[in-house]
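Undergrad: Encoded as structure tokens, here's the structure I'll be asking about.
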Amino acid sequence: MSAPMEVVLSADSAGLMWNCAVFDLHTGSNVLSYRGGNSSARSLTVLNGEYILGAQLGKNFINVWEIQRKDQLQQKIVCPGIVNCLVASPDGLYVLAGIAEAVYLWEISTGNLLAVLSRHYQDLSCLRFTDDSSHFVSGGKDNRALIWNLASVVQLDSSRVPEPRHVLSCHSLPITDIHCGLMGPQARVATASLDQTVKLWEISSGEMLLSVLFDVSIMSVTLDPCEYFLFCGGSDGSIFQVSLCSTAVSRDKTFQSDGEGNQVFKGHRNLVTCLSVSMDGTLLLSGSHDETVRLWDVQSKQCIRCIHHKGQVTNAVIVPAPANMFLPDSRPGITLPRFSRHLNPSEQGEGVATGVQAQQARHCTKHHPLSSECHRACKCSPTKNPN
């Protein structure tokens with residue numbers, strides 16, 4: 001049997017059988033599981049198709065697994081505090097963590113902490129990158145979502161304090177989820193909130209394009225790849241499908257089920273905390289506090305598969321299956337370094353890469369991409385081509 005194109009990656013709060021598991025999207029069968037601890041909500045992420053990272057629930061560290069080595073926990077990354085949310089950039093170069101009210105940004109190649117962004121006034125609840133890694137969006141319990149330009153955050157001038165590109169402040173209660181659409185800096189971003197609304201924004205201008213009011217709090221949100229529909233997970237277990245191609249154009253609207261694409265998926269009995277859509281837009285995945293992950297046919301609104309968990313579902317997402325996920329003999333092209341907990345690691349006596357070491361690490365990655373011991377053992381000069 002050939003390897004699947006897309007898989008389901010999910011985790012629950014109990015962690016009794018595994019921390020997280022991979023399921024076949026079309027059969028529902030468990031194909032891989034990763035053991036050790038349990039991951040908090042919105043904190044499970046795939047790094048460069050080679051590692052799975054999951055922030056330990058209620059603790060100040062991140063669990064790391066090589067994606068094809070399911071039997072054991074390979075590494076723990078110690079953080080400055082409890083991680084509320086976590087995401088890796090699609091290009092595999094950076095990791096973002098929400099710790100208390102601050103956003104921490106690390107560079108993967110060196111482990112250096114590049115920035116600590118303290119522009120929220122209360123704890124972070126979610127972080128998302130755009131598909132091209134050029135921007136990211138942070139949402140918090142202070143009712144605000146901030147759009148950041150990554151290039152301005154990683155600037156070399158340390159005397160300048162990075163500022164968000166846009167501040168989205170139209171919600172009246174905490175942000176519960178964020179979804180970034182496609183097309184990088186031209187993308188649209190959806191924000192969900194306990195204030196019973198979902199709002200759609202334009203990243204380039206920061207302008208609000210649409211606000212939809214529901215009769216329950218919204219815990220999760222996603223868009224299909226073509227952005228025909230907005231899917232919103234309610235606190236009562238309902239999943240609301242909002243048509244973005246409706247003939248009635250209004251920036252502020254109240255959700256009503258109708259024949260023009262505004263429909264409701266029924267099946268969950270508790271909060272719907274996770275939503276994800278397949279690449280072809282035909283399947284919707286949902287995770288809930290009722291301890292189930294459900295797969296829905298978007299056209300018929302029928303639940304076609306239910307995957308039972310042992311605790312409240314904290315993470316559930318459809319991801320492209322990494323090429324080496326089902327190759328047990330493969331190894332990551334780069335070994336993860338120790339992550340610094342300080343912006344100036346040399347002043348704190350931390351054993352992280354210096355400028356020369358960082359250059360050597362990049363050199364090793366380029367010339368010895370398959371060596372797991374490269375960063376520790378390579379003796380090549382970073383300024384001299386060994387060939």
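Lettering and numbering for the structure tokens are positional, with chains as A, B, ... in the shown order, residues counted from 1 in each chain, and ligands counted from 1 in the shown order.
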List every residue of range 181-314 of chain A that DSSP, applied to the backbone of this structure, places in strand (DSSP E or B), and write the result as a PyMOL selection string.

TA: chain A and resi 188-193+197-202+208-213+218-223+229-234+239-243+252-254+263-265+272-277+283-288+292-297+302-308+313-314

Undergrad: Could you give me, as a ChimeraX atom specification, the residues within 10 Å of Val116 in chain A, counting only C-alpha atoms and dropping anything in the same chain fewer than 3 positions from it?

TA: /A:96-99,102-106,113,119,153,161-162,342-343

Undergrad: Can you tell me, as a PyMOL selection string, which residues in range 1-210 of chain A count as helix (DSSP H, G or I) by DSSP?

TA: chain A and resi 150-153+184-186

Undergrad: Keeping only N, CA and C atoms, take the residues you just selected and write them out as a CSV table (one decimal), in the first residue's frame.

TA:
chain,number,residue,atom,x,y,z
A,150,LEU,N,7.7,39.2,9.8
A,150,LEU,CA,8.8,38.5,10.3
A,150,LEU,C,10.2,39.2,10.1
A,151,ALA,N,10.3,39.8,8.9
A,151,ALA,CA,11.6,40.4,8.6
A,151,ALA,C,11.8,41.6,9.5
A,152,SER,N,10.8,42.3,9.9
A,152,SER,CA,11.0,43.4,10.9
A,152,SER,C,11.3,42.9,12.3
A,153,VAL,N,10.9,41.8,12.6
A,153,VAL,CA,11.1,41.2,13.9
A,153,VAL,C,12.6,40.7,14.1
A,184,GLY,N,0.4,34.3,1.3
A,184,GLY,CA,1.3,35.1,2.1
A,184,GLY,C,0.9,36.4,2.5
A,185,PRO,N,1.6,37.5,2.2
A,185,PRO,CA,1.2,38.9,2.6
A,185,PRO,C,-0.1,39.4,2.1
A,186,GLN,N,-0.6,38.7,1.1
A,186,GLN,CA,-1.9,39.1,0.5
A,186,GLN,C,-3.1,38.2,1.1

Undergrad: Env of Val46 in chain A: 9 Å cut, atoms = only C-alpha atoms, seq-sep filter 6 positions within chain, self excluded. Answer as an mmCIF file with C-alpha atoms, in the first residue's frame.

TA:
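Output file part00.cif follows:
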data_model
loop_
_atom_site.group_PDB
_atom_site.id
_atom_site.type_symbol
_atom_site.label_atom_id
_atom_site.label_comp_id
_atom_site.auth_asym_id
_atom_site.auth_seq_id
_atom_site.Cartn_x
_atom_site.Cartn_y
_atom_site.Cartn_z
ATOM 1 C CA ILE A 52 7.154 16.893 15.792
ATOM 2 C CA LEU A 53 7.163 19.479 18.571
ATOM 3 C CA GLY A 54 4.577 19.568 21.348
ATOM 4 C CA ILE A 67 9.075 12.172 12.869
ATOM 5 C CA VAL A 87 4.022 26.946 15.939
ATOM 6 C CA ALA A 88 6.895 26.297 13.510
ATOM 7 C CA PRO A 90 6.368 26.537 7.128
ATOM 8 C CA GLY A 92 11.333 25.279 8.858
ATOM 9 C CA VAL A 319 -1.190 17.788 7.377
#

Undergrad: Could the residues of range 138-237 of chain A that have an atom at most 8 Å from range 272-296 of chain A be listed as a Markdown table, each with its closest atom pair and the distance in Å to one decimal, counting only C-alpha atoms and ordered by chain and ascending residue number?

TA:
| residue | atom | partner | partner_atom | distance |
| --- | --- | --- | --- | --- |
| A:Met219 | CA | A:Thr273 | CA | 5.3 |
| A:Ser220 | CA | A:Thr273 | CA | 5.2 |
| A:Val221 | CA | A:Leu275 | CA | 6.2 |
| A:Thr222 | CA | A:Leu275 | CA | 6.0 |
| A:Leu223 | CA | A:Val277 | CA | 7.3 |
| A:Asp224 | CA | A:Gly281 | CA | 5.5 |
| A:Pro225 | CA | A:Gly281 | CA | 6.3 |
| A:Cys226 | CA | A:Gly281 | CA | 7.6 |
| A:Phe231 | CA | A:Leu275 | CA | 7.6 |
| A:Cys232 | CA | A:Leu275 | CA | 7.8 |
| A:Gly233 | CA | A:Val272 | CA | 4.9 |
| A:Gly234 | CA | A:Val272 | CA | 5.8 |
| A:Ser235 | CA | A:Val272 | CA | 6.3 |
| A:Asp236 | CA | A:Val272 | CA | 7.7 |
| A:Gly237 | CA | A:Val272 | CA | 5.5 |

Undergrad: Take the residues that were just selected and, keeping N, CA, C and O atoms, output them as a PDB file, in the first residue's frame.

TA:
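Saved as out.pdb:
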ATOM      1  N   MET A 219     -14.966  28.637  19.383  1.00  0.00           N
ATOM      2  CA  MET A 219     -13.722  28.119  19.949  1.00  0.00           C
ATOM      3  C   MET A 219     -12.655  27.809  18.903  1.00  0.00           C
ATOM      4  O   MET A 219     -11.479  27.640  19.241  1.00  0.00           O
ATOM      5  N   SER A 220     -13.045  27.691  17.628  1.00  0.00           N
ATOM      6  CA  SER A 220     -12.084  27.337  16.573  1.00  0.00           C
ATOM      7  C   SER A 220     -12.590  27.863  15.240  1.00  0.00           C
ATOM      8  O   SER A 220     -13.801  28.061  15.050  1.00  0.00           O
ATOM      9  N   VAL A 221     -11.653  28.048  14.303  1.00  0.00           N
ATOM     10  CA  VAL A 221     -12.031  28.581  12.999  1.00  0.00           C
ATOM     11  C   VAL A 221     -11.036  28.115  11.943  1.00  0.00           C
ATOM     12  O   VAL A 221      -9.843  27.918  12.225  1.00  0.00           O
ATOM     13  N   THR A 222     -11.523  27.896  10.718  1.00  0.00           N
ATOM     14  CA  THR A 222     -10.651  27.592   9.591  1.00  0.00           C
ATOM     15  C   THR A 222     -11.347  27.978   8.295  1.00  0.00           C
ATOM     16  O   THR A 222     -12.564  28.230   8.275  1.00  0.00           O
ATOM     17  N   LEU A 223     -10.577  28.036   7.225  1.00  0.00           N
ATOM     18  CA  LEU A 223     -11.093  28.296   5.877  1.00  0.00           C
ATOM     19  C   LEU A 223     -10.758  27.105   4.997  1.00  0.00           C
ATOM     20  O   LEU A 223      -9.749  26.430   5.215  1.00  0.00           O
ATOM     21  N   ASP A 224     -11.580  26.845   3.981  1.00  0.00           N
ATOM     22  CA  ASP A 224     -11.178  25.856   2.989  1.00  0.00           C
ATOM     23  C   ASP A 224     -10.130  26.499   2.076  1.00  0.00           C
ATOM     24  O   ASP A 224     -10.023  27.733   2.013  1.00  0.00           O
ATOM     25  N   PRO A 225      -9.296  25.699   1.373  1.00  0.00           N
ATOM     26  CA  PRO A 225      -8.201  26.277   0.581  1.00  0.00           C
ATOM     27  C   PRO A 225      -8.636  27.305  -0.452  1.00  0.00           C
ATOM     28  O   PRO A 225      -7.892  28.255  -0.729  1.00  0.00           O
ATOM     29  N   CYS A 226      -9.805  27.139  -1.025  1.00  0.00           N
ATOM     30  CA  CYS A 226     -10.290  28.101  -2.028  1.00  0.00           C
ATOM     31  C   CYS A 226     -11.001  29.292  -1.399  1.00  0.00           C
ATOM     32  O   CYS A 226     -11.376  30.239  -2.104  1.00  0.00           O
ATOM     33  N   PHE A 231     -15.386  27.921   8.380  1.00  0.00           N
ATOM     34  CA  PHE A 231     -15.922  26.922   9.302  1.00  0.00           C
ATOM     35  C   PHE A 231     -15.609  27.361  10.729  1.00  0.00           C
ATOM     36  O   PHE A 231     -14.456  27.690  11.044  1.00  0.00           O
ATOM     37  N   CYS A 232     -16.640  27.364  11.582  1.00  0.00           N
ATOM     38  CA  CYS A 232     -16.513  27.905  12.932  1.00  0.00           C
ATOM     39  C   CYS A 232     -17.021  26.887  13.949  1.00  0.00           C
ATOM     40  O   CYS A 232     -18.171  26.432  13.858  1.00  0.00           O
ATOM     41  N   GLY A 233     -16.174  26.518  14.921  1.00  0.00           N
ATOM     42  CA  GLY A 233     -16.539  25.534  15.931  1.00  0.00           C
ATOM     43  C   GLY A 233     -17.121  26.202  17.159  1.00  0.00           C
ATOM     44  O   GLY A 233     -16.487  27.059  17.774  1.00  0.00           O
ATOM     45  N   GLY A 234     -18.335  25.794  17.536  1.00  0.00           N
ATOM     46  CA  GLY A 234     -19.047  26.436  18.635  1.00  0.00           C
ATOM     47  C   GLY A 234     -18.839  25.764  19.985  1.00  0.00           C
ATOM     48  O   GLY A 234     -18.429  24.609  20.075  1.00  0.00           O
ATOM     49  N   SER A 235     -19.152  26.500  21.043  1.00  0.00           N
ATOM     50  CA  SER A 235     -19.031  25.972  22.399  1.00  0.00           C
ATOM     51  C   SER A 235     -20.110  24.952  22.720  1.00  0.00           C
ATOM     52  O   SER A 235     -20.009  24.236  23.715  1.00  0.00           O
ATOM     53  N   ASP A 236     -21.155  24.859  21.873  1.00  0.00           N
ATOM     54  CA  ASP A 236     -22.228  23.887  22.087  1.00  0.00           C
ATOM     55  C   ASP A 236     -22.026  22.610  21.268  1.00  0.00           C
ATOM     56  O   ASP A 236     -22.883  21.729  21.274  1.00  0.00           O
ATOM     57  N   GLY A 237     -20.915  22.490  20.547  1.00  0.00           N
ATOM     58  CA  GLY A 237     -20.653  21.306  19.736  1.00  0.00           C
ATOM     59  C   GLY A 237     -21.030  21.463  18.274  1.00  0.00           C
ATOM     60  O   GLY A 237     -20.723  20.584  17.458  1.00  0.00           O
TER      61      GLY A 237
END

Undergrad: Hey, which of A:Gln74, A:Gln241, A:Asn344, A:Thr314 ends up closest to Ser39 in chain A? Count only C-alpha atoms.

TA: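 The answer is A:Thr314, which sits nearest to Ser39 in chain A.
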
Undergrad: Show me, as an NGL selection string, the residues that have an atom within 8 Å of Leu336 in chain A when counting only C-alpha atoms, minus same-chain residues fewer than 2 positions from it.

TA: :A and (108-109 or 111 or 334 or 338)

Undergrad: Enter the distance from CA of Val167 in chain A to CA of Phe214 in chain A, in Å, rounded to one decimal.

TA: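 Distance reported for this atom pair: 23.4 Å.
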
Undergrad: Which residues are close to range 248-262 of chain A, i.e. within 6 Å by only C-alpha atoms, leaving aside same-chain residues fewer than 4 positions away? Reply as a PyMOL selection string.

TA: chain A and resi 210-214+241-243

Undergrad: For N, CA, C and O atoms, I'd like the residues from the last selection saved as a PDB file, in the first residue's frame.

TA:
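Written output follows (part_5.pdb):
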ATOM      1  N   LEU A 210     -15.147  41.217   7.218  1.00  0.00           N
ATOM      2  CA  LEU A 210     -16.414  40.565   7.559  1.00  0.00           C
ATOM      3  C   LEU A 210     -16.447  40.262   9.048  1.00  0.00           C
ATOM      4  O   LEU A 210     -15.420  39.896   9.639  1.00  0.00           O
ATOM      5  N   SER A 211     -17.608  40.396   9.652  1.00  0.00           N
ATOM      6  CA  SER A 211     -17.827  39.994  11.045  1.00  0.00           C
ATOM      7  C   SER A 211     -19.137  39.231  11.107  1.00  0.00           C
ATOM      8  O   SER A 211     -20.178  39.734  10.673  1.00  0.00           O
ATOM      9  N   VAL A 212     -19.081  38.001  11.614  1.00  0.00           N
ATOM     10  CA  VAL A 212     -20.272  37.147  11.698  1.00  0.00           C
ATOM     11  C   VAL A 212     -20.578  36.886  13.166  1.00  0.00           C
ATOM     12  O   VAL A 212     -19.705  36.435  13.920  1.00  0.00           O
ATOM     13  N   LEU A 213     -21.802  37.157  13.563  1.00  0.00           N
ATOM     14  CA  LEU A 213     -22.249  36.955  14.947  1.00  0.00           C
ATOM     15  C   LEU A 213     -23.031  35.650  15.061  1.00  0.00           C
ATOM     16  O   LEU A 213     -23.908  35.368  14.247  1.00  0.00           O
ATOM     17  N   PHE A 214     -22.676  34.844  16.074  1.00  0.00           N
ATOM     18  CA  PHE A 214     -23.355  33.576  16.335  1.00  0.00           C
ATOM     19  C   PHE A 214     -24.070  33.659  17.687  1.00  0.00           C
ATOM     20  O   PHE A 214     -23.912  34.645  18.420  1.00  0.00           O
ATOM     21  N   GLN A 241     -20.954  26.500   9.024  1.00  0.00           N
ATOM     22  CA  GLN A 241     -20.343  26.767   7.720  1.00  0.00           C
ATOM     23  C   GLN A 241     -20.904  28.076   7.192  1.00  0.00           C
ATOM     24  O   GLN A 241     -22.117  28.205   6.984  1.00  0.00           O
ATOM     25  N   VAL A 242     -20.026  29.063   6.989  1.00  0.00           N
ATOM     26  CA  VAL A 242     -20.430  30.385   6.511  1.00  0.00           C
ATOM     27  C   VAL A 242     -19.968  30.533   5.071  1.00  0.00           C
ATOM     28  O   VAL A 242     -18.770  30.404   4.774  1.00  0.00           O
ATOM     29  N   SER A 243     -20.878  30.806   4.168  1.00  0.00           N
ATOM     30  CA  SER A 243     -20.520  31.009   2.769  1.00  0.00           C
ATOM     31  C   SER A 243     -19.907  32.383   2.580  1.00  0.00           C
ATOM     32  O   SER A 243     -20.451  33.394   3.039  1.00  0.00           O
TER      33      SER A 243
END

Undergrad: Report as number ranges by chain all protein, DNA and RNA residues lying within 12 Å of Phe23 in chain A, evaluated on only C-alpha atoms, omitting residues in the same chain fewer than 6 positions from it.

TA: A: 3-11, 29-34, 285, 293-295, 305-308, 316-321

Undergrad: Could you state the separation of CA of Trp201 in chain A and CA of Phe129 in chain A in Å, given to one decimal place?

TA: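 About the pair CA of Trp201 in chain A and CA of Phe129 in chain A: they are 14.6 Å apart.
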
Undergrad: In Å to one decimal, how far is CA of Leu16 in chain A from CA of Leu86 in chain A?

TA: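 So the two atoms, CA of Leu86 in chain A and CA of Leu16 in chain A, lie 21.9 Å apart.
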
Undergrad: Residues within 9 Å of Lys59 in chain A, please, as a list in words. Count only C-alpha atoms; anything in the same chain fewer than 2 positions from it doesn't count.

TA: Ala55, Gln56, Leu57, Phe61, Ile62, Gly81, Ile82 and Val83 of chain A

Undergrad: Smallest atom-to-atom distance to Ala115 in chain A: which of A:Arg331, A:Arg69, A:Lys199, A:Arg341, using only C-alpha atoms?

TA: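 Comparing A:Arg331, A:Arg69, A:Lys199, A:Arg341 against Ala115 in chain A, the winner is A:Arg341.
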
Undergrad: Which residue is closest to Val198 in chain A? Choose from A:Asp177, A:Asp157, A:Asp132, A:Glu101 and count only C-alpha atoms.

TA: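 That would be A:Asp177, the residue with the smallest distance to Val198 in chain A.
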